[in-house]
Structure formats: C-alpha cells, structure tokens
Amino acid sequence: MSSSPSNSGPSAESIAERGDIAAAPFCYVTTTGRRTGRPHTIEIWFGLRGGRLYVLSGGGDRSDWVKNLVVQPGVTVRLGGATLPGRARLVEDPDEDALARRLLAAKYQGWSEGRPMSGWARTALPVAIDLDERLLAG
C-alpha cells in the first residue's frame with residue numbers, strides 16, 4: 001500500500017510498523033468546541049476493534065467532549081504517535097454497547113466473562129469513533 005504525499009497524517013505503513021496499537025495505554029481525542037470552534041483534547045482509555053475505537057464517558061452526556069462530538073462528530077485521534085481522522089457517535093445498538101464495555105473493562109480492569117463489571121464499566125456512556133481501518137491494519 002502506498003501513502004499519499006500529505007501532511008494530514010501518517011501513512012498506513014508507518015502505523016503498521018508501530019506494532020499492536022490496541023495495547024497502547026491511552027489515546028488522545030480532539031473534538032471541536034461546540035461554542036468556540038476551538039480544538040479540545042482529552043486523554044482517555046480506549047478499546048479498538050477493527051476500524052472502530054471505543055471510549056467510555058464516566059460523565060455521560062454531561063461531559064463537554066461528548067457535547068462537542070454530538071454537535072460536530074468529526075474528531076481526530078492520536079494513537080501510538082499517529083493522528084487519525086475519525087467520526088464519533090454515541091453507541092445506541094445494545095450489542096455494540098456490550099462490546100464497548102467488555103473491551104474497556106477487560107483491558108483496564110482485568111474483567112473476564114462471568115465476573116461482574118465495575119460501576120464505571122456498567123454505567124459510563126459508550127462512544128464509538130469510526131476510523132479508516134486501512135490506516136490501522138497497514
């Protein structure tokens with residue numbers, strides 16, 4: 001796969017060379033301020049499945065970054081040194097909701113099937129960010 005000559009982000013090859021980015025301890029999500037139009041970046045835990053990144057908002061829909069992405073779903077994600085464009089949305093499908101919770105609870109809290117999830121994993125608001133899977137897979 002060849003990369004396009006652009007300063008907008010890394011090539012697929014450069015991301016693939018970083019190894020297992022799903023194991024990174026956190027990512028940075030940048031939203032556009034719904035009132036100011038300025039970028040706002042948060043550091044957050046994440047789970048990755050295919051070309052989709054999942055995060056959980058402990059503050060639910062009251063969190064500023066969630067309010068921002070509802071108004072302007074175009075976001076960027078900094079992950080493993082790469083900055084990728086994405087489109088964020090609140091997770092509404094029950095199966096996808098359960099997947100997001102399992103991914104993050106297993107990664108950060110050692111959760112496994114048959115064990116109860118923490119309050120955070122059960123009640124936080126799941127958000128999905130659709131990324132270009134070709135950039136992640138290499």
# chains A, B, ... in the order shown; residues from 1 in each chain; ligands from 1

$ select_by_dssp --residues "region 94-124 of chain A" --states "helix (DSSP H, G or I)" --output "PDB file with N, CA, C and O atoms, in the first residue's frame"
ATOM      1  N   PRO A  94     -27.542  -2.209  21.268  1.00  0.00           N
ATOM      2  CA  PRO A  94     -27.234  -2.947  22.502  1.00  0.00           C
ATOM      3  C   PRO A  94     -26.031  -3.888  22.384  1.00  0.00           C
ATOM      4  O   PRO A  94     -25.248  -4.007  23.330  1.00  0.00           O
ATOM      5  N   ASP A  95     -25.860  -4.544  21.245  1.00  0.00           N
ATOM      6  CA  ASP A  95     -24.725  -5.455  21.075  1.00  0.00           C
ATOM      7  C   ASP A  95     -23.408  -4.678  21.026  1.00  0.00           C
ATOM      8  O   ASP A  95     -22.404  -5.099  21.605  1.00  0.00           O
ATOM      9  N   GLU A  96     -23.412  -3.544  20.324  1.00  0.00           N
ATOM     10  CA  GLU A  96     -22.204  -2.727  20.255  1.00  0.00           C
ATOM     11  C   GLU A  96     -21.901  -2.098  21.617  1.00  0.00           C
ATOM     12  O   GLU A  96     -20.745  -1.994  22.020  1.00  0.00           O
ATOM     13  N   ASP A  97     -22.933  -1.714  22.342  1.00  0.00           N
ATOM     14  CA  ASP A  97     -22.790  -1.182  23.701  1.00  0.00           C
ATOM     15  C   ASP A  97     -22.071  -2.208  24.581  1.00  0.00           C
ATOM     16  O   ASP A  97     -21.093  -1.896  25.271  1.00  0.00           O
ATOM     17  N   ALA A  98     -22.540  -3.455  24.535  1.00  0.00           N
ATOM     18  CA  ALA A  98     -21.937  -4.523  25.346  1.00  0.00           C
ATOM     19  C   ALA A  98     -20.485  -4.765  24.929  1.00  0.00           C
ATOM     20  O   ALA A  98     -19.614  -4.968  25.784  1.00  0.00           O
ATOM     21  N   LEU A  99     -20.207  -4.727  23.630  1.00  0.00           N
ATOM     22  CA  LEU A  99     -18.844  -4.914  23.137  1.00  0.00           C
ATOM     23  C   LEU A  99     -17.918  -3.835  23.682  1.00  0.00           C
ATOM     24  O   LEU A  99     -16.824  -4.128  24.179  1.00  0.00           O
ATOM     25  N   ALA A 100     -18.351  -2.580  23.594  1.00  0.00           N
ATOM     26  CA  ALA A 100     -17.525  -1.470  24.073  1.00  0.00           C
ATOM     27  C   ALA A 100     -17.194  -1.647  25.551  1.00  0.00           C
ATOM     28  O   ALA A 100     -16.043  -1.494  25.973  1.00  0.00           O
ATOM     29  N   ARG A 101     -18.179  -1.990  26.342  1.00  0.00           N
ATOM     30  CA  ARG A 101     -17.970  -2.173  27.784  1.00  0.00           C
ATOM     31  C   ARG A 101     -17.017  -3.331  28.068  1.00  0.00           C
ATOM     32  O   ARG A 101     -16.122  -3.223  28.906  1.00  0.00           O
ATOM     33  N   ARG A 102     -17.211  -4.449  27.368  1.00  0.00           N
ATOM     34  CA  ARG A 102     -16.324  -5.613  27.571  1.00  0.00           C
ATOM     35  C   ARG A 102     -14.889  -5.288  27.198  1.00  0.00           C
ATOM     36  O   ARG A 102     -13.949  -5.651  27.917  1.00  0.00           O
ATOM     37  N   LEU A 103     -14.695  -4.609  26.044  1.00  0.00           N
ATOM     38  CA  LEU A 103     -13.337  -4.266  25.602  1.00  0.00           C
ATOM     39  C   LEU A 103     -12.590  -3.444  26.645  1.00  0.00           C
ATOM     40  O   LEU A 103     -11.441  -3.742  26.996  1.00  0.00           O
ATOM     41  N   LEU A 104     -13.234  -2.386  27.134  1.00  0.00           N
ATOM     42  CA  LEU A 104     -12.560  -1.494  28.077  1.00  0.00           C
ATOM     43  C   LEU A 104     -12.420  -2.118  29.464  1.00  0.00           C
ATOM     44  O   LEU A 104     -11.370  -1.979  30.096  1.00  0.00           O
ATOM     45  N   ALA A 105     -13.432  -2.824  29.926  1.00  0.00           N
ATOM     46  CA  ALA A 105     -13.347  -3.458  31.247  1.00  0.00           C
ATOM     47  C   ALA A 105     -12.260  -4.527  31.265  1.00  0.00           C
ATOM     48  O   ALA A 105     -11.520  -4.654  32.242  1.00  0.00           O
ATOM     49  N   ALA A 106     -12.145  -5.291  30.180  1.00  0.00           N
ATOM     50  CA  ALA A 106     -11.104  -6.323  30.111  1.00  0.00           C
ATOM     51  C   ALA A 106      -9.715  -5.703  30.047  1.00  0.00           C
ATOM     52  O   ALA A 106      -8.791  -6.129  30.749  1.00  0.00           O
ATOM     53  N   LYS A 107      -9.569  -4.667  29.243  1.00  0.00           N
ATOM     54  CA  LYS A 107      -8.256  -4.047  29.054  1.00  0.00           C
ATOM     55  C   LYS A 107      -7.754  -3.343  30.309  1.00  0.00           C
ATOM     56  O   LYS A 107      -6.584  -3.450  30.668  1.00  0.00           O
ATOM     57  N   TYR A 108      -8.627  -2.603  30.987  1.00  0.00           N
ATOM     58  CA  TYR A 108      -8.177  -1.742  32.079  1.00  0.00           C
ATOM     59  C   TYR A 108      -8.499  -2.247  33.475  1.00  0.00           C
ATOM     60  O   TYR A 108      -7.910  -1.779  34.439  1.00  0.00           O
ATOM     61  N   GLN A 109      -9.430  -3.183  33.576  1.00  0.00           N
ATOM     62  CA  GLN A 109      -9.824  -3.628  34.906  1.00  0.00           C
ATOM     63  C   GLN A 109      -9.717  -5.136  35.086  1.00  0.00           C
ATOM     64  O   GLN A 109     -10.138  -5.661  36.109  1.00  0.00           O
ATOM     65  N   GLY A 119     -18.745  -0.456  38.426  1.00  0.00           N
ATOM     66  CA  GLY A 119     -19.775   0.546  38.200  1.00  0.00           C
ATOM     67  C   GLY A 119     -19.480   1.393  36.973  1.00  0.00           C
ATOM     68  O   GLY A 119     -20.377   1.702  36.183  1.00  0.00           O
ATOM     69  N   TRP A 120     -18.225   1.793  36.817  1.00  0.00           N
ATOM     70  CA  TRP A 120     -17.821   2.584  35.651  1.00  0.00           C
ATOM     71  C   TRP A 120     -18.111   1.827  34.364  1.00  0.00           C
ATOM     72  O   TRP A 120     -18.719   2.379  33.434  1.00  0.00           O
ATOM     73  N   ALA A 121     -17.719   0.577  34.295  1.00  0.00           N
ATOM     74  CA  ALA A 121     -17.908  -0.198  33.070  1.00  0.00           C
ATOM     75  C   ALA A 121     -19.388  -0.443  32.782  1.00  0.00           C
ATOM     76  O   ALA A 121     -19.785  -0.541  31.625  1.00  0.00           O
ATOM     77  N   ARG A 122     -20.198  -0.520  33.813  1.00  0.00           N
ATOM     78  CA  ARG A 122     -21.641  -0.742  33.636  1.00  0.00           C
ATOM     79  C   ARG A 122     -22.405   0.525  33.276  1.00  0.00           C
ATOM     80  O   ARG A 122     -23.423   0.452  32.597  1.00  0.00           O
ATOM     81  N   THR A 123     -21.957   1.688  33.765  1.00  0.00           N
ATOM     82  CA  THR A 123     -22.795   2.885  33.653  1.00  0.00           C
ATOM     83  C   THR A 123     -22.257   3.996  32.756  1.00  0.00           C
ATOM     84  O   THR A 123     -23.014   4.890  32.382  1.00  0.00           O
TER      85      THR A 123
END

$ closest_residue --among "A:Glu113, A:Asp64, A:Asp20, A:Asp132" --to "Thr41 (chain A)" --atoms "only C-alpha atoms"
A:Asp64

$ residues_around --residues "Ala24 (chain A)" --least-positions-apart "4" --cutoff "12 Å" --atoms "only C-alpha atoms" --output "ChimeraX atom specification"
/A:18-20,28,44-48,78-82,107-108

$ select_by_dssp --residues "chain A" --states "strand (DSSP E or B)" --output "ChimeraX atom specification"
/A:27-32,39-44,47-49,52-57,74-79,82-90,125-131

$ closest_residue --among "A:Gly59, A:Gly74, A:Gly114, A:Pro39" --to "Arg89 (chain A)" --atoms "only C-alpha atoms"
A:Gly74

$ atom_distance --atom1 "CA of Arg35 (chain A)" --atom2 "CA of Asn68 (chain A)"
8.5 Å
